[in-house]
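Visitor: Questions regarding the structure given below will be posed in turn.
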Amino acid sequence: MTQAAPFPDSRTAVVTGAASPRGIGRVTARRLASEGWAVAIVDLDADLSREAAESLNAEFGVPALGVAASVADEEQIRGAFDLIEAELPQIVGLVNIAGVSSPTPFLELTTAEWDQVFDVNLRGAYLATRRAAETMVNNSVGRVVSLASISAERGGGTFSKVPYSASKAGIIGFSRAVARELSPLGVTVNAISPGPIDTDIMGGTLTEERKNDLSRDVLVGRVGRPDEVAALIAFLMREEAGYITGVNYDINGGLHFS
Ligand SMILES: NC(=O)c1ccc[n+]([C@@H]2O[C@H](COP(=O)([O-])OP(=O)(O)OC[C@H]3O[C@@H](n4cnc5c(N)ncnc54)[C@H](O)[C@@H]3O)[C@@H](O)[C@H]2O)c1
């Protein structure tokens with residue numbers, strides 16, 4: 001058992017899936033930069049990732065780097081982390097946000113789609129966490145937050161279906177199991193399960209009609225906003241959140257209690 005080391009003054013948060021202009025990742029990267037984190041954005045598109053990082057540097061004056069990599073590819077992810085460690089301060093935080101949806105009904109599902117969804121949503125979180133953990137454990141301090149989904153808890157029910165739901169349920173078990181091993185070494189590990197959030201992942205930008213439809217059983221009467229999810233992530237990334245680990249947080253406007 002190691003007591004967690006204090007946060008270093010300069011520290012980097014790696015945010016995967018943060019290039020999408022209307023996504024949770026981009027807003028989370030912005031929020032973390034506003035709280036003084038240096039930020040590394042890891043996403044598929046090199047230009048979008050670089051541009052997102054440059055805007056953080058321009059707006060908040062923090063070091064920021066955009067790196068193109070698929071979270072599903074071990075070599076690319078290891079290369080991305082090596083680059084980040086060469087350019088930015090010590091990696092203290094990892095936010096696993098990269099994800100893909102899967103609206104295909106079960107009887108029409110192909111094994112290729114199943115594998116692709118698991119490759120990004122679960123293997124991707126594993127690969128990034130596995131690499132980040134080496135640095136975090138070495139320094140006895142780290143924060144890992146991964147995006148699961150209400151879909152994991154309710155078995156779909158929003159847009160995506162079986163492989164999405166199963167892969168996101170995997171994120172919850174993954175986070176708890178990794179928390180069990182890494183928390184004694186100074187690294188907290190948590191998951192977040194959002195309900196429907198106003199991004200483009202559910203088959204494109206949501207129309208007012210679709211938002212109303214998705215809000216039907218939401219107690220607060222609306223879909224969520226990316227900045228609301230980002231605020232929860234940013235809290236779990238703080239030094240003061242060091243007593244929270246192995247938890248799956250609901251953020252769903254009361255659509256589901258667990
Ligand atoms: N929007 C919602 O309603 C909602 C609800 C629950 C959970 N989530 C989860 O939140 C996360 C963010 O979703 P979003 O709504 O912002 O969607 P989004 O589509 O805007 O963002 C997903 C991001 O992941 C990136 N990505 C996809 N495959 C990748 C790969 N192989 N390697 C690296 N990056 C990759 C995309 O380029 C994109 O930037 C996802 O994990 C999603 O499953 C979203």
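Residue numbering restarts at 1 in every chain; chains get A, B, ... in the order shown in the structure tokens, and ligands count up from 1 in that same order.
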Report as JSON lines: every residue of chain A with an atom at most 7 Å from ligand 1, its closest pair of atoms, and their distance in Å to one decimal, counting only C-alpha atoms and all ligand atoms, with rows sorted by chain and ascending residue number.
Guide:
{"residue": "A:Thr16", "atom": "CA", "partner": "ligand 1", "partner_atom_place_in_ligand_line": "34 (N)", "distance": 5.9}
{"residue": "A:Gly17", "atom": "CA", "partner": "ligand 1", "partner_atom_place_in_ligand_line": "24 (O)", "distance": 3.5}
{"residue": "A:Ala18", "atom": "CA", "partner": "ligand 1", "partner_atom_place_in_ligand_line": "39 (O)", "distance": 5.0}
{"residue": "A:Ala19", "atom": "CA", "partner": "ligand 1", "partner_atom_place_in_ligand_line": "39 (O)", "distance": 4.4}
{"residue": "A:Ser20", "atom": "CA", "partner": "ligand 1", "partner_atom_place_in_ligand_line": "39 (O)", "distance": 3.7}
{"residue": "A:Pro21", "atom": "CA", "partner": "ligand 1", "partner_atom_place_in_ligand_line": "20 (O)", "distance": 7.0}
{"residue": "A:Arg22", "atom": "CA", "partner": "ligand 1", "partner_atom_place_in_ligand_line": "20 (O)", "distance": 5.7}
{"residue": "A:Gly23", "atom": "CA", "partner": "ligand 1", "partner_atom_place_in_ligand_line": "16 (O)", "distance": 3.3}
{"residue": "A:Ile24", "atom": "CA", "partner": "ligand 1", "partner_atom_place_in_ligand_line": "16 (O)", "distance": 3.7}
{"residue": "A:Gly25", "atom": "CA", "partner": "ligand 1", "partner_atom_place_in_ligand_line": "16 (O)", "distance": 5.6}
{"residue": "A:Val42", "atom": "CA", "partner": "ligand 1", "partner_atom_place_in_ligand_line": "33 (C)", "distance": 6.2}
{"residue": "A:Asp43", "atom": "CA", "partner": "ligand 1", "partner_atom_place_in_ligand_line": "34 (N)", "distance": 3.9}
{"residue": "A:Leu44", "atom": "CA", "partner": "ligand 1", "partner_atom_place_in_ligand_line": "33 (C)", "distance": 4.8}
{"residue": "A:Asp45", "atom": "CA", "partner": "ligand 1", "partner_atom_place_in_ligand_line": "37 (O)", "distance": 6.9}
{"residue": "A:Ala69", "atom": "CA", "partner": "ligand 1", "partner_atom_place_in_ligand_line": "33 (C)", "distance": 5.9}
{"residue": "A:Ser70", "atom": "CA", "partner": "ligand 1", "partner_atom_place_in_ligand_line": "32 (N)", "distance": 3.4}
{"residue": "A:Val71", "atom": "CA", "partner": "ligand 1", "partner_atom_place_in_ligand_line": "32 (N)", "distance": 4.1}
{"residue": "A:Ala72", "atom": "CA", "partner": "ligand 1", "partner_atom_place_in_ligand_line": "31 (N)", "distance": 5.3}
{"residue": "A:Ile97", "atom": "CA", "partner": "ligand 1", "partner_atom_place_in_ligand_line": "41 (O)", "distance": 4.5}
{"residue": "A:Ala98", "atom": "CA", "partner": "ligand 1", "partner_atom_place_in_ligand_line": "24 (O)", "distance": 3.5}
{"residue": "A:Gly99", "atom": "CA", "partner": "ligand 1", "partner_atom_place_in_ligand_line": "41 (O)", "distance": 3.6}
{"residue": "A:Val100", "atom": "CA", "partner": "ligand 1", "partner_atom_place_in_ligand_line": "27 (C)", "distance": 5.4}
{"residue": "A:Ser101", "atom": "CA", "partner": "ligand 1", "partner_atom_place_in_ligand_line": "43 (O)", "distance": 6.3}
{"residue": "A:Val120", "atom": "CA", "partner": "ligand 1", "partner_atom_place_in_ligand_line": "31 (N)", "distance": 5.0}
{"residue": "A:Asn121", "atom": "CA", "partner": "ligand 1", "partner_atom_place_in_ligand_line": "41 (O)", "distance": 6.5}
{"residue": "A:Leu147", "atom": "CA", "partner": "ligand 1", "partner_atom_place_in_ligand_line": "41 (O)", "distance": 5.1}
{"residue": "A:Ala148", "atom": "CA", "partner": "ligand 1", "partner_atom_place_in_ligand_line": "7 (C)", "distance": 5.7}
{"residue": "A:Ser149", "atom": "CA", "partner": "ligand 1", "partner_atom_place_in_ligand_line": "6 (C)", "distance": 4.1}
{"residue": "A:Ile150", "atom": "CA", "partner": "ligand 1", "partner_atom_place_in_ligand_line": "6 (C)", "distance": 6.1}
{"residue": "A:Ser193", "atom": "CA", "partner": "ligand 1", "partner_atom_place_in_ligand_line": "6 (C)", "distance": 6.0}
{"residue": "A:Pro194", "atom": "CA", "partner": "ligand 1", "partner_atom_place_in_ligand_line": "6 (C)", "distance": 4.3}
{"residue": "A:Gly195", "atom": "CA", "partner": "ligand 1", "partner_atom_place_in_ligand_line": "5 (C)", "distance": 5.1}
{"residue": "A:Pro196", "atom": "CA", "partner": "ligand 1", "partner_atom_place_in_ligand_line": "3 (O)", "distance": 3.6}
{"residue": "A:Ile197", "atom": "CA", "partner": "ligand 1", "partner_atom_place_in_ligand_line": "3 (O)", "distance": 3.7}
{"residue": "A:Asp198", "atom": "CA", "partner": "ligand 1", "partner_atom_place_in_ligand_line": "1 (N)", "distance": 5.9}
{"residue": "A:Thr199", "atom": "CA", "partner": "ligand 1", "partner_atom_place_in_ligand_line": "15 (O)", "distance": 4.7}
{"residue": "A:Asp200", "atom": "CA", "partner": "ligand 1", "partner_atom_place_in_ligand_line": "20 (O)", "distance": 5.3}
{"residue": "A:Ile201", "atom": "CA", "partner": "ligand 1", "partner_atom_place_in_ligand_line": "19 (O)", "distance": 4.1}
{"residue": "A:Met202", "atom": "CA", "partner": "ligand 1", "partner_atom_place_in_ligand_line": "1 (N)", "distance": 6.8}
Visitor: Would you list, as a VMD selection string, the residues of region 12-78 of chain A that end up in helix (DSSP H, G or I) under DSSP run on this structure's backbone?
Guide: chain A and resid 24 to 34 46 to 60 74 to 78
Visitor: Could you check which of A:Ala4, A:Ala46, A:Leu214, A:Leu122 is closest to Thr188 (chain A), using only C-alpha atoms?
Guide: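 Closest to Thr188 (chain A), using only C-alpha atoms: A:Ala4.
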Visitor: Which residue gives the smallest distance to Ser215 (chain A) among A:Gly254, A:Arg176, A:Glu228, A:Ala53, with only C-alpha atoms counted?
Guide: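 Of the candidates, the smallest distance to Ser215 (chain A) is held by A:Gly254.
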Visitor: Find the residues near region 5-15 of chain A: any atom within 8 Å, counting only C-alpha atoms, skip ones fewer than 4 places away on the same chain, and give them as a PyMOL selection string.
Guide: chain A and resi 25+28-29+32+37-42+88-97+139-141+186+239
Visitor: Neighbouring residues of Ala231 (chain A) were defined as those with any atom within 12 Å, considering only C-alpha atoms; residues of the same chain fewer than 5 positions away were excluded. Please report them as a VMD selection string.
Guide: chain A and resid 24 to 25 27 to 32 34 to 35 192 225 to 226 236 to 238 251
Visitor: As a ChimeraX atom specification, which residues of region 70-240 of chain A does DSSP assign to strand (DSSP E or B)?
Guide: /A:91-96,142-147,187-194,197,224
Visitor: Take the residues from that selection and put them in a file with N, CA, C and O atoms, as a compact mmCIF listing (two decimals), in the first residue's frame.
Guide:
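Below is the file result06.txt, written as the result:
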# COMPACT_ATOMS: atom_id res chain seq x y z
N ILE A 91 1.93 12.94 -16.75
CA ILE A 91 0.54 12.50 -16.93
C ILE A 91 -0.03 12.07 -15.58
O ILE A 91 0.47 11.12 -14.95
N VAL A 92 -1.05 12.82 -15.13
CA VAL A 92 -1.73 12.49 -13.88
C VAL A 92 -3.15 12.00 -14.16
O VAL A 92 -3.71 11.20 -13.42
N GLY A 93 -3.74 12.46 -15.28
CA GLY A 93 -5.13 12.12 -15.55
C GLY A 93 -5.32 11.45 -16.90
O GLY A 93 -4.61 11.76 -17.86
N LEU A 94 -6.29 10.55 -16.95
CA LEU A 94 -6.73 9.95 -18.22
C LEU A 94 -8.25 9.94 -18.22
O LEU A 94 -8.86 9.47 -17.26
N VAL A 95 -8.83 10.48 -19.29
CA VAL A 95 -10.29 10.39 -19.45
C VAL A 95 -10.57 9.59 -20.72
O VAL A 95 -10.25 10.04 -21.83
N ASN A 96 -11.14 8.42 -20.55
CA ASN A 96 -11.47 7.55 -21.68
C ASN A 96 -12.85 7.92 -22.21
O ASN A 96 -13.87 7.49 -21.66
N GLY A 142 -2.54 9.26 -9.73
CA GLY A 142 -3.25 9.24 -11.02
C GLY A 142 -4.77 9.26 -10.83
O GLY A 142 -5.30 8.93 -9.77
N ARG A 143 -5.42 9.68 -11.90
CA ARG A 143 -6.89 9.70 -11.96
C ARG A 143 -7.30 9.11 -13.31
O ARG A 143 -6.83 9.59 -14.35
N VAL A 144 -8.17 8.12 -13.28
CA VAL A 144 -8.73 7.57 -14.52
C VAL A 144 -10.25 7.66 -14.44
O VAL A 144 -10.84 7.21 -13.46
N VAL A 145 -10.84 8.28 -15.44
CA VAL A 145 -12.30 8.35 -15.53
C VAL A 145 -12.70 7.83 -16.91
O VAL A 145 -12.14 8.28 -17.92
N SER A 146 -13.64 6.89 -16.96
CA SER A 146 -14.04 6.30 -18.25
C SER A 146 -15.54 6.45 -18.45
O SER A 146 -16.33 6.31 -17.50
N LEU A 147 -15.91 6.71 -19.70
CA LEU A 147 -17.32 6.90 -20.04
C LEU A 147 -18.00 5.55 -20.27
O LEU A 147 -17.69 4.87 -21.24
N VAL A 187 -3.69 5.51 -7.52
CA VAL A 187 -4.46 5.85 -8.73
C VAL A 187 -5.94 5.55 -8.51
O VAL A 187 -6.31 4.39 -8.27
N THR A 188 -6.78 6.57 -8.59
CA THR A 188 -8.22 6.32 -8.49
C THR A 188 -8.80 6.04 -9.87
O THR A 188 -8.31 6.57 -10.88
N VAL A 189 -9.83 5.20 -9.90
CA VAL A 189 -10.40 4.76 -11.18
C VAL A 189 -11.91 4.75 -11.04
O VAL A 189 -12.45 4.06 -10.17
N ASN A 190 -12.60 5.53 -11.88
CA ASN A 190 -14.04 5.63 -11.79
C ASN A 190 -14.69 5.62 -13.17
O ASN A 190 -14.02 5.87 -14.18
N ALA A 191 -15.99 5.33 -13.20
CA ALA A 191 -16.77 5.36 -14.44
C ALA A 191 -17.91 6.35 -14.28
O ALA A 191 -18.33 6.67 -13.17
N ILE A 192 -18.38 6.82 -15.42
CA ILE A 192 -19.53 7.73 -15.46
C ILE A 192 -20.53 7.16 -16.45
O ILE A 192 -20.15 6.76 -17.56
N SER A 193 -21.79 7.14 -16.07
CA SER A 193 -22.82 6.61 -16.97
C SER A 193 -23.83 7.70 -17.32
O SER A 193 -24.84 7.89 -16.62
N PRO A 194 -23.60 8.41 -18.42
CA PRO A 194 -24.56 9.45 -18.81
C PRO A 194 -25.82 8.86 -19.44
O PRO A 194 -25.78 7.82 -20.09
N ILE A 197 -27.28 12.64 -23.98
CA ILE A 197 -26.60 13.94 -23.96
C ILE A 197 -26.65 14.51 -25.38
O ILE A 197 -26.52 13.76 -26.36
N GLY A 224 -29.34 15.91 -21.56
CA GLY A 224 -28.24 16.57 -20.86
C GLY A 224 -27.33 17.32 -21.81
O GLY A 224 -27.38 17.13 -23.03
Visitor: Give me the region 68-113 of chain A side of the contact with region 156-163 of chain A, cut-off 12 Å, one line per residue showing its nearest atom pair and distance in Å at one decimal, counting only C-alpha atoms, sorted by chain and residue number, as a Markdown table.
Guide:
| residue | atom | partner | partner_atom | distance |
| --- | --- | --- | --- | --- |
| A:Gly99 | CA | A:Ser160 | CA | 11.6 |
| A:Val100 | CA | A:Ser160 | CA | 9.2 |
| A:Ser101 | CA | A:Ser160 | CA | 5.6 |
| A:Ser102 | CA | A:Ser160 | CA | 4.7 |
| A:Pro103 | CA | A:Ser160 | CA | 4.1 |
| A:Thr104 | CA | A:Lys161 | CA | 6.5 |
| A:Pro105 | CA | A:Lys161 | CA | 6.6 |
| A:Phe106 | CA | A:Val162 | CA | 6.5 |
| A:Leu107 | CA | A:Val162 | CA | 10.2 |
| A:Glu108 | CA | A:Val162 | CA | 11.0 |
| A:Leu109 | CA | A:Val162 | CA | 8.9 |
| A:Thr110 | CA | A:Pro163 | CA | 10.3 |
| A:Thr111 | CA | A:Pro163 | CA | 9.8 |
| A:Ala112 | CA | A:Pro163 | CA | 10.9 |
| A:Glu113 | CA | A:Pro163 | CA | 8.1 |
Visitor: Which residue, A:Gly203, A:Ser151, A:Val137, A:Gly246, has the smallest gap to Phe174 (chain A) when you use only C-alpha atoms?
Guide: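 Answer, going by the shortest atom-to-atom distance: A:Gly246.
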Visitor: Tell me which protein, DNA and RNA residues are within 9 Å of Asn212 (chain A), counting only C-alpha atoms, leaving out same-chain ones fewer than 4 positions away, and put them as a list of chain:residue names.
Guide: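 Non-adjacent residues within range: A:Thr207, A:Glu208, A:Arg216, A:Gly221, A:Arg222, A:Val223.
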Visitor: Figure out the distance between CA of Glu153 (chain A) and CA of Ala132 (chain A), please, to one decimal in Å.
Guide: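 Interatomic distance here is 26.9 Å.
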Visitor: Near Ala166 (chain A), counting only C-alpha atoms, which residues have an atom at most 8 Å away, once you skip same-chain residues fewer than 4 positions from it, shown as a list in words?
Guide: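 With the cut-off at 8 Å, the set is Ala152, Gly155, Val162 and Gly170 of chain A.
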Visitor: Write out as a list in words the residues lying within 8 Å of Phe60 (chain A), counting only C-alpha atoms and excluding same-chain residues fewer than 4 positions away.
Guide: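 Skipping anything fewer than 4 positions along the chain leaves Ala33, Ser34, Gly36 and Leu56 of chain A.
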Visitor: For Ile233 (chain A), which of A:Ser55, A:Glu181, A:Glu87, A:Tyr249 is the closest residue, counting only C-alpha atoms?
Guide: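 Going through A:Ser55, A:Glu181, A:Glu87, A:Tyr249 one by one, the smallest distance to Ile233 (chain A) is for A:Tyr249.
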Visitor: With distances taken over only C-alpha atoms, which of A:Asn248, A:Ala64, A:Ser183, A:His256 is nearest to Val218 (chain A)?
Guide: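 Residue with the minimum atom-to-atom distance to Val218 (chain A): A:His256.
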